[in-house]
>>> print(open('upload-v3.cif').read())   # mmCIF, N, CA and C atoms
data_work
loop_
_atom_site.label_atom_id
_atom_site.label_comp_id
_atom_site.auth_asym_id
_atom_site.auth_seq_id
_atom_site.Cartn_x
_atom_site.Cartn_y
_atom_site.Cartn_z
N MET A 7 38.46 32.76 5.81
CA MET A 7 38.60 33.04 7.22
C MET A 7 37.45 33.92 7.66
N ASN A 8 36.86 33.54 8.77
CA ASN A 8 35.77 34.30 9.35
C ASN A 8 36.14 34.66 10.79
N ILE A 9 36.17 35.94 11.07
CA ILE A 9 36.40 36.37 12.45
C ILE A 9 35.05 36.28 13.14
N SER A 10 34.90 35.29 14.01
CA SER A 10 33.62 35.00 14.60
C SER A 10 33.34 35.80 15.87
N GLU A 11 34.38 36.30 16.53
CA GLU A 11 34.15 37.09 17.75
C GLU A 11 35.37 37.95 18.05
N ILE A 12 35.08 39.15 18.52
CA ILE A 12 36.13 40.04 19.04
C ILE A 12 35.67 40.49 20.42
N LYS A 13 36.51 40.26 21.41
CA LYS A 13 36.21 40.68 22.78
C LYS A 13 37.21 41.74 23.20
N ILE A 14 36.71 42.87 23.62
CA ILE A 14 37.56 43.91 24.18
C ILE A 14 37.76 43.52 25.64
N ARG A 15 38.95 43.08 25.97
CA ARG A 15 39.24 42.59 27.32
C ARG A 15 39.46 43.73 28.31
N ARG A 16 40.12 44.78 27.82
CA ARG A 16 40.42 45.89 28.72
C ARG A 16 40.62 47.16 27.91
N LEU A 17 40.04 48.26 28.38
CA LEU A 17 40.30 49.59 27.83
C LEU A 17 41.26 50.30 28.77
N ILE A 18 42.20 51.01 28.21
CA ILE A 18 43.22 51.70 29.00
C ILE A 18 43.23 53.16 28.56
N PRO A 19 42.68 54.05 29.40
CA PRO A 19 42.55 55.45 28.97
C PRO A 19 43.86 56.24 28.93
N GLU A 20 44.83 55.87 29.71
CA GLU A 20 46.09 56.62 29.79
C GLU A 20 47.20 55.92 29.01
N GLY A 21 48.07 56.69 28.38
CA GLY A 21 49.21 56.14 27.68
C GLY A 21 48.91 55.72 26.26
N LYS A 22 49.90 55.15 25.60
CA LYS A 22 49.76 54.76 24.19
C LYS A 22 49.01 53.45 24.01
N LEU A 23 49.12 52.55 24.97
CA LEU A 23 48.37 51.30 24.91
C LEU A 23 46.93 51.60 25.29
N LYS A 24 46.00 51.38 24.36
CA LYS A 24 44.60 51.77 24.56
C LYS A 24 43.69 50.61 24.89
N GLY A 25 44.10 49.39 24.55
CA GLY A 25 43.23 48.27 24.83
C GLY A 25 43.89 46.94 24.56
N ILE A 26 43.29 45.91 25.16
CA ILE A 26 43.72 44.52 24.97
C ILE A 26 42.50 43.75 24.45
N VAL A 27 42.73 42.96 23.41
CA VAL A 27 41.63 42.31 22.69
C VAL A 27 41.92 40.82 22.53
N SER A 28 40.85 40.03 22.49
CA SER A 28 40.91 38.63 22.06
C SER A 28 40.05 38.48 20.83
N MET A 29 40.47 37.60 19.93
CA MET A 29 39.76 37.38 18.68
C MET A 29 39.59 35.87 18.47
N THR A 30 38.40 35.48 18.00
CA THR A 30 38.15 34.08 17.66
C THR A 30 37.98 33.99 16.15
N VAL A 31 38.65 33.01 15.55
CA VAL A 31 38.61 32.80 14.11
C VAL A 31 37.88 31.48 13.83
N ASP A 32 36.88 31.56 12.95
CA ASP A 32 36.12 30.38 12.52
C ASP A 32 35.58 29.56 13.69
N ASP A 33 35.30 30.20 14.81
CA ASP A 33 34.78 29.52 16.00
C ASP A 33 35.67 28.39 16.50
N VAL A 34 36.94 28.35 16.08
CA VAL A 34 37.81 27.24 16.49
C VAL A 34 39.19 27.67 16.97
N LEU A 35 39.58 28.92 16.75
CA LEU A 35 40.92 29.36 17.12
C LEU A 35 40.83 30.70 17.83
N ALA A 36 41.38 30.79 19.03
CA ALA A 36 41.37 32.05 19.79
C ALA A 36 42.78 32.64 19.79
N VAL A 37 42.83 33.95 19.59
CA VAL A 37 44.09 34.69 19.66
C VAL A 37 43.91 35.75 20.74
N HIS A 38 44.74 35.68 21.79
CA HIS A 38 44.64 36.59 22.93
C HIS A 38 45.79 37.59 22.90
N ASP A 39 45.64 38.62 23.70
CA ASP A 39 46.68 39.64 23.92
C ASP A 39 47.00 40.45 22.67
N ILE A 40 46.00 40.70 21.85
CA ILE A 40 46.15 41.64 20.73
C ILE A 40 46.05 43.03 21.33
N LYS A 41 46.95 43.91 20.95
CA LYS A 41 46.99 45.24 21.55
C LYS A 41 46.49 46.30 20.57
N ILE A 42 45.79 47.27 21.12
CA ILE A 42 45.41 48.47 20.36
C ILE A 42 46.31 49.58 20.86
N VAL A 43 47.07 50.17 19.95
CA VAL A 43 48.11 51.15 20.31
C VAL A 43 47.85 52.46 19.58
N GLN A 44 48.03 53.56 20.29
CA GLN A 44 47.94 54.88 19.67
C GLN A 44 49.30 55.21 19.07
N GLY A 45 49.38 55.23 17.75
CA GLY A 45 50.59 55.62 17.06
C GLY A 45 50.65 57.13 16.92
N GLU A 46 51.66 57.62 16.23
CA GLU A 46 51.78 59.07 16.05
C GLU A 46 50.65 59.64 15.21
N GLU A 47 50.14 58.85 14.25
CA GLU A 47 49.10 59.36 13.37
C GLU A 47 47.74 58.70 13.54
N ARG A 48 47.71 57.47 14.06
CA ARG A 48 46.44 56.75 14.16
C ARG A 48 46.57 55.57 15.12
N LEU A 49 45.42 55.02 15.48
CA LEU A 49 45.40 53.77 16.23
C LEU A 49 45.81 52.64 15.31
N PHE A 50 46.51 51.65 15.86
CA PHE A 50 46.83 50.45 15.09
C PHE A 50 46.76 49.23 15.98
N VAL A 51 46.75 48.08 15.35
CA VAL A 51 46.65 46.80 16.05
C VAL A 51 48.02 46.14 16.05
N ALA A 52 48.47 45.71 17.23
CA ALA A 52 49.73 44.98 17.37
C ALA A 52 49.40 43.55 17.79
N MET A 53 49.87 42.61 17.02
CA MET A 53 49.60 41.21 17.31
C MET A 53 50.41 40.75 18.53
N PRO A 54 50.00 39.65 19.16
CA PRO A 54 50.73 39.15 20.33
C PRO A 54 52.20 38.89 19.98
N SER A 55 53.07 39.24 20.89
CA SER A 55 54.51 39.06 20.63
C SER A 55 55.22 38.68 21.91
N ARG A 56 56.47 38.28 21.74
CA ARG A 56 57.33 38.02 22.90
C ARG A 56 58.74 38.44 22.53
N ARG A 57 59.54 38.68 23.55
CA ARG A 57 60.91 39.10 23.35
C ARG A 57 61.79 37.88 23.11
N ASP A 58 62.60 37.92 22.05
CA ASP A 58 63.50 36.79 21.79
C ASP A 58 64.81 36.99 22.54
N GLU A 59 65.74 36.06 22.37
CA GLU A 59 67.00 36.09 23.12
C GLU A 59 67.86 37.32 22.82
N SER A 60 67.63 37.98 21.68
CA SER A 60 68.40 39.18 21.35
C SER A 60 67.71 40.46 21.83
N GLY A 61 66.54 40.31 22.46
CA GLY A 61 65.83 41.47 22.98
C GLY A 61 64.80 42.05 22.02
N MET A 62 64.70 41.50 20.82
CA MET A 62 63.73 41.97 19.83
C MET A 62 62.37 41.34 20.10
N PHE A 63 61.31 42.09 19.86
CA PHE A 63 59.97 41.53 19.97
C PHE A 63 59.58 40.89 18.65
N ARG A 64 59.07 39.68 18.72
CA ARG A 64 58.65 38.92 17.55
C ARG A 64 57.18 38.55 17.72
N ASP A 65 56.39 38.75 16.65
CA ASP A 65 54.98 38.35 16.70
C ASP A 65 54.89 36.84 16.88
N ILE A 66 53.97 36.43 17.72
CA ILE A 66 53.69 35.00 17.91
C ILE A 66 52.70 34.55 16.85
N VAL A 67 51.74 35.41 16.54
CA VAL A 67 50.71 35.16 15.55
C VAL A 67 50.61 36.42 14.70
N HIS A 68 50.48 36.26 13.39
CA HIS A 68 50.30 37.44 12.55
C HIS A 68 49.69 37.05 11.22
N PRO A 69 48.97 37.99 10.59
CA PRO A 69 48.42 37.73 9.26
C PRO A 69 49.55 37.64 8.24
N ILE A 70 49.35 36.84 7.21
CA ILE A 70 50.37 36.63 6.19
C ILE A 70 50.34 37.71 5.12
N ASN A 71 49.16 38.28 4.84
CA ASN A 71 49.10 39.29 3.78
C ASN A 71 48.41 40.56 4.26
N SER A 72 48.57 41.63 3.50
CA SER A 72 48.07 42.94 3.92
C SER A 72 46.55 43.02 3.89
N ASP A 73 45.90 42.28 3.00
CA ASP A 73 44.43 42.30 2.97
C ASP A 73 43.86 41.72 4.26
N THR A 74 44.42 40.60 4.70
CA THR A 74 43.96 39.98 5.94
C THR A 74 44.27 40.88 7.12
N ARG A 75 45.46 41.48 7.14
CA ARG A 75 45.81 42.41 8.22
C ARG A 75 44.81 43.56 8.27
N GLY A 76 44.48 44.11 7.11
CA GLY A 76 43.52 45.21 7.05
C GLY A 76 42.15 44.81 7.55
N GLN A 77 41.70 43.63 7.16
CA GLN A 77 40.39 43.14 7.61
C GLN A 77 40.37 42.98 9.13
N ILE A 78 41.40 42.36 9.67
CA ILE A 78 41.49 42.16 11.11
C ILE A 78 41.54 43.50 11.83
N GLU A 79 42.40 44.40 11.36
CA GLU A 79 42.55 45.70 12.01
C GLU A 79 41.24 46.48 11.97
N ASP A 80 40.56 46.49 10.82
CA ASP A 80 39.29 47.22 10.71
C ASP A 80 38.26 46.69 11.70
N MET A 81 38.14 45.37 11.79
CA MET A 81 37.15 44.78 12.69
C MET A 81 37.49 45.05 14.16
N ILE A 82 38.76 44.93 14.51
CA ILE A 82 39.17 45.17 15.89
C ILE A 82 38.98 46.63 16.27
N LEU A 83 39.41 47.54 15.41
CA LEU A 83 39.27 48.96 15.73
C LEU A 83 37.81 49.39 15.77
N SER A 84 36.97 48.79 14.94
CA SER A 84 35.54 49.08 15.00
C SER A 84 34.94 48.60 16.32
N ALA A 85 35.28 47.39 16.73
CA ALA A 85 34.80 46.86 18.02
C ALA A 85 35.31 47.71 19.18
N TYR A 86 36.56 48.16 19.09
CA TYR A 86 37.14 49.03 20.12
C TYR A 86 36.35 50.34 20.20
N GLN A 87 36.10 50.97 19.05
CA GLN A 87 35.37 52.25 19.04
C GLN A 87 33.96 52.07 19.58
N ASN A 88 33.31 50.97 19.23
CA ASN A 88 31.97 50.70 19.76
C ASN A 88 31.99 50.58 21.27
N GLU A 89 33.01 49.92 21.82
CA GLU A 89 33.11 49.77 23.28
C GLU A 89 33.41 51.11 23.95
N VAL A 90 34.29 51.90 23.36
CA VAL A 90 34.58 53.24 23.90
C VAL A 90 33.29 54.07 23.91
N ASP A 91 32.55 54.05 22.81
CA ASP A 91 31.29 54.81 22.72
C ASP A 91 30.28 54.32 23.74
N ARG A 92 30.19 53.01 23.91
CA ARG A 92 29.25 52.43 24.86
C ARG A 92 29.58 52.86 26.28
N GLN A 93 30.86 52.80 26.63
CA GLN A 93 31.26 53.20 27.98
C GLN A 93 31.06 54.69 28.21
N SER A 94 31.31 55.50 27.19
CA SER A 94 31.10 56.95 27.31
C SER A 94 29.62 57.26 27.53
N ALA A 95 28.76 56.60 26.77
CA ALA A 95 27.32 56.80 26.92
C ALA A 95 26.86 56.36 28.31
N GLU A 96 27.43 55.27 28.79
CA GLU A 96 27.09 54.76 30.13
C GLU A 96 27.51 55.77 31.19
N GLU A 97 28.71 56.35 31.05
CA GLU A 97 29.18 57.35 32.02
C GLU A 97 28.31 58.59 31.99
N ILE A 98 27.89 59.03 30.82
CA ILE A 98 27.03 60.21 30.71
C ILE A 98 25.69 59.92 31.39
N ALA A 99 25.14 58.74 31.13
CA ALA A 99 23.86 58.36 31.76
C ALA A 99 23.99 58.30 33.28
N ASP A 100 25.09 57.75 33.77
CA ASP A 100 25.31 57.68 35.22
C ASP A 100 25.44 59.07 35.82
N ASN A 101 26.06 59.99 35.12
CA ASN A 101 26.24 61.35 35.64
C ASN A 101 24.95 62.15 35.63
N GLN A 102 23.98 61.74 34.82
CA GLN A 102 22.70 62.45 34.76
C GLN A 102 21.74 61.99 35.85
N LEU A 103 22.07 60.91 36.52
CA LEU A 103 21.20 60.39 37.58
C LEU A 103 21.36 61.15 38.86
#
>>> encode(input="upload-v3.cif", output="structure tokens")
Amino acid sequence: MNISEIKIRRLIPEGKLKGIVSMTVDDVLAVHDIKIVQGEERLFVAMPSRRDESGMFRDIVHPINSDTRGQIEDMILSAYQNEVDRQSAEEIADNQL
């Protein structure tokens, strides 16, 4: 599996939800609405989910093993941090003008 693209769709500065991401796998499969969430100890990635008839949220798409989950989470959180840094640098540059 090759994660060919990660797009940070939206950054959210307030609250626990920090961002919404789309990911492309092997240039042939897109996964949308991946969430970046601030947990009690760290940021984590929540896969797209929906509420079932009993009110529980169930992942629509998810990695099967922990190695794949770790790889996906590392790449998404790295892309998220790069975007946060980029926007911060842009704001600093705008404020210096």
>>> resolve_selection(input="upload-v3.cif", expression="the PyMOL selection byres ((chain A and resi 8) around 8)", output="PyMOL selection string")
chain A and resi 7+9-11+30-33
>>> closest_atom_pairs(input="upload-v3.cif", of="range 18-66 of chain A", to="range 73-84 of chain A", cutoff="8 Å", atoms="only N, CA and C atoms", output="Markdown table")
| residue | atom | partner | partner_atom | distance |
| --- | --- | --- | --- | --- |
| A:Val27 | CA | A:Ile82 | CA | 7.8 |
| A:Ile42 | CA | A:Leu83 | CA | 7.7 |
| A:Leu49 | C | A:Leu83 | CA | 7.5 |
| A:Phe50 | C | A:Glu79 | CA | 6.8 |
| A:Val51 | CA | A:Glu79 | CA | 5.9 |
| A:Ala52 | N | A:Glu79 | CA | 7.9 |
>>> write_last_selection(input="upload-v3.cif", atoms="N, CA and C atoms", output="PDB file, in the coordinates of the input")
ATOM      1  N   VAL A  27      42.730  42.960  23.410  1.00  0.00           N
ATOM      2  CA  VAL A  27      41.630  42.310  22.690  1.00  0.00           C
ATOM      3  C   VAL A  27      41.920  40.820  22.530  1.00  0.00           C
ATOM      4  N   ILE A  42      45.790  47.270  21.120  1.00  0.00           N
ATOM      5  CA  ILE A  42      45.410  48.470  20.360  1.00  0.00           C
ATOM      6  C   ILE A  42      46.310  49.580  20.860  1.00  0.00           C
ATOM      7  N   LEU A  49      45.420  55.020  15.480  1.00  0.00           N
ATOM      8  CA  LEU A  49      45.400  53.770  16.230  1.00  0.00           C
ATOM      9  C   LEU A  49      45.810  52.640  15.310  1.00  0.00           C
ATOM     10  N   PHE A  50      46.510  51.650  15.860  1.00  0.00           N
ATOM     11  CA  PHE A  50      46.830  50.450  15.090  1.00  0.00           C
ATOM     12  C   PHE A  50      46.760  49.230  15.980  1.00  0.00           C
ATOM     13  N   VAL A  51      46.750  48.080  15.350  1.00  0.00           N
ATOM     14  CA  VAL A  51      46.650  46.800  16.050  1.00  0.00           C
ATOM     15  C   VAL A  51      48.020  46.140  16.050  1.00  0.00           C
ATOM     16  N   ALA A  52      48.470  45.710  17.230  1.00  0.00           N
ATOM     17  CA  ALA A  52      49.730  44.980  17.370  1.00  0.00           C
ATOM     18  C   ALA A  52      49.400  43.550  17.790  1.00  0.00           C
TER      19      ALA A  52
END
>>> residues_around(input="upload-v3.cif", residues="Ile26 in chain A", least_positions_apart="6", cutoff="5 Å", atoms="all atoms listed in the file", output="PyMOL selection string")
chain A and resi 14-16+40-42
>>> residues_around(input="upload-v3.cif", residues="range 54-58 of chain A", least_positions_apart="4", cutoff="6 Å", atoms="only N, CA and C atoms", output="list in words")
His38, Asp39, Ile40, Lys41, Met62, Phe63, Arg64, Asp65, Ile66 and Val67 of chain A
>>> atom_distance(input="upload-v3.cif", atom1="CA of His68 in chain A", atom2="CA of Val90 in chain A")
25.0 Å
>>> atom_distance(input="upload-v3.cif", atom1="atom C of Ser72 in chain A", atom2="atom C of Glu46 in chain A")
20.5 Å
>>> select_by_dssp(input="upload-v3.cif", residues="range 12-94 of chain A", states="strand (DSSP E)", output="count of residues only")
35
>>> select_by_dssp(input="upload-v3.cif", residues="chain A", states="alpha helix (DSSP H)", output="ChimeraX atom specification")
/A:72-102
>>> write_last_selection(input="upload-v3.cif", atoms="N, CA and C atoms", output="compact mmCIF listing (two decimals), in the coordinates of the input")
# COMPACT_ATOMS: atom_id res chain seq x y z
N SER A 72 48.57 41.63 3.50
CA SER A 72 48.07 42.94 3.92
C SER A 72 46.55 43.02 3.89
N ASP A 73 45.90 42.28 3.00
CA ASP A 73 44.43 42.30 2.97
C ASP A 73 43.86 41.72 4.26
N THR A 74 44.42 40.60 4.70
CA THR A 74 43.96 39.98 5.94
C THR A 74 44.27 40.88 7.12
N ARG A 75 45.46 41.48 7.14
CA ARG A 75 45.81 42.41 8.22
C ARG A 75 44.81 43.56 8.27
N GLY A 76 44.48 44.11 7.11
CA GLY A 76 43.52 45.21 7.05
C GLY A 76 42.15 44.81 7.55
N GLN A 77 41.70 43.63 7.16
CA GLN A 77 40.39 43.14 7.61
C GLN A 77 40.37 42.98 9.13
N ILE A 78 41.40 42.36 9.67
CA ILE A 78 41.49 42.16 11.11
C ILE A 78 41.54 43.50 11.83
N GLU A 79 42.40 44.40 11.36
CA GLU A 79 42.55 45.70 12.01
C GLU A 79 41.24 46.48 11.97
N ASP A 80 40.56 46.49 10.82
CA ASP A 80 39.29 47.22 10.71
C ASP A 80 38.26 46.69 11.70
N MET A 81 38.14 45.37 11.79
CA MET A 81 37.15 44.78 12.69
C MET A 81 37.49 45.05 14.16
N ILE A 82 38.76 44.93 14.51
CA ILE A 82 39.17 45.17 15.89
C ILE A 82 38.98 46.63 16.27
N LEU A 83 39.41 47.54 15.41
CA LEU A 83 39.27 48.96 15.73
C LEU A 83 37.81 49.39 15.77
N SER A 84 36.97 48.79 14.94
CA SER A 84 35.54 49.08 15.00
C SER A 84 34.94 48.60 16.32
N ALA A 85 35.28 47.39 16.73
CA ALA A 85 34.80 46.86 18.02
C ALA A 85 35.31 47.71 19.18
N TYR A 86 36.56 48.16 19.09
CA TYR A 86 37.14 49.03 20.12
C TYR A 86 36.35 50.34 20.20
N GLN A 87 36.10 50.97 19.05
CA GLN A 87 35.37 52.25 19.04
C GLN A 87 33.96 52.07 19.58
N ASN A 88 33.31 50.97 19.23
CA ASN A 88 31.97 50.70 19.76
C ASN A 88 31.99 50.58 21.27
N GLU A 89 33.01 49.92 21.82
CA GLU A 89 33.11 49.77 23.28
C GLU A 89 33.41 51.11 23.95
N VAL A 90 34.29 51.90 23.36
CA VAL A 90 34.58 53.24 23.90
C VAL A 90 33.29 54.07 23.91
N ASP A 91 32.55 54.05 22.81
CA ASP A 91 31.29 54.81 22.72
C ASP A 91 30.28 54.32 23.74
N ARG A 92 30.19 53.01 23.91
CA ARG A 92 29.25 52.43 24.86
C ARG A 92 29.58 52.86 26.28
N GLN A 93 30.86 52.80 26.63
CA GLN A 93 31.26 53.20 27.98
C GLN A 93 31.06 54.69 28.21
N SER A 94 31.31 55.50 27.19
CA SER A 94 31.10 56.95 27.31
C SER A 94 29.62 57.26 27.53
N ALA A 95 28.76 56.60 26.77
CA ALA A 95 27.32 56.80 26.92
C ALA A 95 26.86 56.36 28.31
N GLU A 96 27.43 55.27 28.79
CA GLU A 96 27.09 54.76 30.13
C GLU A 96 27.51 55.77 31.19
N GLU A 97 28.71 56.35 31.05
CA GLU A 97 29.18 57.35 32.02
C GLU A 97 28.31 58.59 31.99
N ILE A 98 27.89 59.03 30.82
CA ILE A 98 27.03 60.21 30.71
C ILE A 98 25.69 59.92 31.39
N ALA A 99 25.14 58.74 31.13
CA ALA A 99 23.86 58.36 31.76
C ALA A 99 23.99 58.30 33.28
N ASP A 100 25.09 57.75 33.77
CA ASP A 100 25.31 57.68 35.22
C ASP A 100 25.44 59.07 35.82
N ASN A 101 26.06 59.99 35.12
CA ASN A 101 26.24 61.35 35.64
C ASN A 101 24.95 62.15 35.63
N GLN A 102 23.98 61.74 34.82
CA GLN A 102 22.70 62.45 34.76
C GLN A 102 21.74 61.99 35.85
>>> closest_residue(input="upload-v3.cif", among="A:Ala95, A:Glu59, A:Tyr86, A:Glu47", to="Gly25 in chain A", atoms="all atoms listed in the file")
A:Tyr86
>>> atom_distance(input="upload-v3.cif", atom1="atom N of Ile12 in chain A", atom2="CA of Met29 in chain A")
5.0 Å
>>> decode(input="upload-v3.cif", residues="range 38-70 of chain A", atoms="N, CA and C atoms", output="mmCIF file, in the first residue's frame")
data_model
loop_
_atom_site.group_PDB
_atom_site.id
_atom_site.type_symbol
_atom_site.label_atom_id
_atom_site.label_comp_id
_atom_site.auth_asym_id
_atom_site.auth_seq_id
_atom_site.Cartn_x
_atom_site.Cartn_y
_atom_site.Cartn_z
ATOM 1 N N HIS A 38 -12.228 10.087 2.339
ATOM 2 C CA HIS A 38 -12.527 11.447 2.786
ATOM 3 C C HIS A 38 -13.020 11.432 4.231
ATOM 4 N N ASP A 39 -13.043 12.606 4.816
ATOM 5 C CA ASP A 39 -13.596 12.834 6.161
ATOM 6 C C ASP A 39 -12.828 12.111 7.264
ATOM 7 N N ILE A 40 -11.518 12.003 7.101
ATOM 8 C CA ILE A 40 -10.669 11.516 8.185
ATOM 9 C C ILE A 40 -10.483 12.688 9.136
ATOM 10 N N LYS A 41 -10.626 12.439 10.420
ATOM 11 C CA LYS A 41 -10.573 13.521 11.399
ATOM 12 C C LYS A 41 -9.277 13.468 12.201
ATOM 13 N N ILE A 42 -8.756 14.644 12.493
ATOM 14 C CA ILE A 42 -7.635 14.780 13.427
ATOM 15 C C ILE A 42 -8.225 15.326 14.714
ATOM 16 N N VAL A 43 -8.044 14.588 15.802
ATOM 17 C CA VAL A 43 -8.699 14.904 17.078
ATOM 18 C C VAL A 43 -7.640 15.064 18.162
ATOM 19 N N GLN A 44 -7.830 16.069 19.010
ATOM 20 C CA GLN A 44 -6.960 16.244 20.167
ATOM 21 C C GLN A 44 -7.500 15.385 21.299
ATOM 22 N N GLY A 45 -6.764 14.331 21.636
ATOM 23 C CA GLY A 45 -7.126 13.481 22.755
ATOM 24 C C GLY A 45 -6.582 14.064 24.043
ATOM 25 N N GLU A 46 -6.753 13.353 25.139
ATOM 26 C CA GLU A 46 -6.259 13.846 26.420
ATOM 27 C C GLU A 46 -4.742 13.931 26.451
ATOM 28 N N GLU A 47 -4.061 13.012 25.748
ATOM 29 C CA GLU A 47 -2.606 12.993 25.790
ATOM 30 C C GLU A 47 -1.933 13.372 24.479
ATOM 31 N N ARG A 48 -2.622 13.202 23.349
ATOM 32 C CA ARG A 48 -1.984 13.461 22.056
ATOM 33 C C ARG A 48 -3.038 13.595 20.962
ATOM 34 N N LEU A 49 -2.580 14.081 19.813
ATOM 35 C CA LEU A 49 -3.432 14.082 18.627
ATOM 36 C C LEU A 49 -3.565 12.656 18.122
ATOM 37 N N PHE A 50 -4.736 12.333 17.575
ATOM 38 C CA PHE A 50 -4.906 11.032 16.934
ATOM 39 C C PHE A 50 -5.788 11.179 15.713
ATOM 40 N N VAL A 51 -5.794 10.141 14.902
ATOM 41 C CA VAL A 51 -6.557 10.124 13.658
ATOM 42 C C VAL A 51 -7.787 9.245 13.857
ATOM 43 N N ALA A 52 -8.953 9.778 13.499
ATOM 44 C CA ALA A 52 -10.204 9.019 13.554
ATOM 45 C C ALA A 52 -10.685 8.806 12.124
ATOM 46 N N MET A 53 -10.893 7.566 11.773
ATOM 47 C CA MET A 53 -11.329 7.236 10.422
ATOM 48 C C MET A 53 -12.792 7.635 10.232
ATOM 49 N N PRO A 54 -13.234 7.771 8.971
ATOM 50 C CA PRO A 54 -14.628 8.147 8.711
ATOM 51 C C PRO A 54 -15.583 7.147 9.364
ATOM 52 N N SER A 55 -16.651 7.664 9.927
ATOM 53 C CA SER A 55 -17.613 6.789 10.610
ATOM 54 C C SER A 55 -19.022 7.318 10.415
ATOM 55 N N ARG A 56 -19.968 6.478 10.793
ATOM 56 C CA ARG A 56 -21.374 6.904 10.795
ATOM 57 C C ARG A 56 -22.058 6.237 11.978
ATOM 58 N N ARG A 57 -23.162 6.822 12.386
ATOM 59 C CA ARG A 57 -23.916 6.302 13.517
ATOM 60 C C ARG A 57 -24.835 5.178 13.041
ATOM 61 N N ASP A 58 -24.784 4.035 13.736
ATOM 62 C CA ASP A 58 -25.669 2.932 13.360
ATOM 63 C C ASP A 58 -27.016 3.076 14.065
ATOM 64 N N GLU A 59 -27.898 2.120 13.849
ATOM 65 C CA GLU A 59 -29.264 2.203 14.395
ATOM 66 C C GLU A 59 -29.307 2.202 15.925
ATOM 67 N N SER A 60 -28.248 1.719 16.577
ATOM 68 C CA SER A 60 -28.227 1.721 18.047
ATOM 69 C C SER A 60 -27.580 2.985 18.610
ATOM 70 N N GLY A 61 -27.134 3.888 17.724
ATOM 71 C CA GLY A 61 -26.532 5.132 18.175
ATOM 72 C C GLY A 61 -25.015 5.082 18.300
ATOM 73 N N MET A 62 -24.423 3.922 18.051
ATOM 74 C CA MET A 62 -22.963 3.773 18.126
ATOM 75 C C MET A 62 -22.331 4.246 16.820
ATOM 76 N N PHE A 63 -21.159 4.843 16.910
ATOM 77 C CA PHE A 63 -20.421 5.216 15.710
ATOM 78 C C PHE A 63 -19.571 4.037 15.262
ATOM 79 N N ARG A 64 -19.641 3.728 13.981
ATOM 80 C CA ARG A 64 -18.890 2.628 13.386
ATOM 81 C C ARG A 64 -18.034 3.187 12.254
ATOM 82 N N ASP A 65 -16.753 2.780 12.224
ATOM 83 C CA ASP A 65 -15.881 3.198 11.130
ATOM 84 C C ASP A 65 -16.417 2.658 9.808
ATOM 85 N N ILE A 66 -16.378 3.494 8.796
ATOM 86 C CA ILE A 66 -16.752 3.081 7.445
ATOM 87 C C ILE A 66 -15.548 2.441 6.764
ATOM 88 N N VAL A 67 -14.381 3.005 7.017
ATOM 89 C CA VAL A 67 -13.115 2.533 6.470
ATOM 90 C C VAL A 67 -12.127 2.512 7.622
ATOM 91 N N HIS A 68 -11.309 1.474 7.701
ATOM 92 C CA HIS A 68 -10.290 1.451 8.750
ATOM 93 C C HIS A 68 -9.181 0.476 8.382
ATOM 94 N N PRO A 69 -7.968 0.732 8.899
ATOM 95 C CA PRO A 69 -6.872 -0.204 8.671
ATOM 96 C C PRO A 69 -7.128 -1.505 9.427
ATOM 97 N N ILE A 70 -6.642 -2.599 8.890
ATOM 98 C CA ILE A 70 -6.860 -3.918 9.487
ATOM 99 C C ILE A 70 -5.849 -4.224 10.581
#
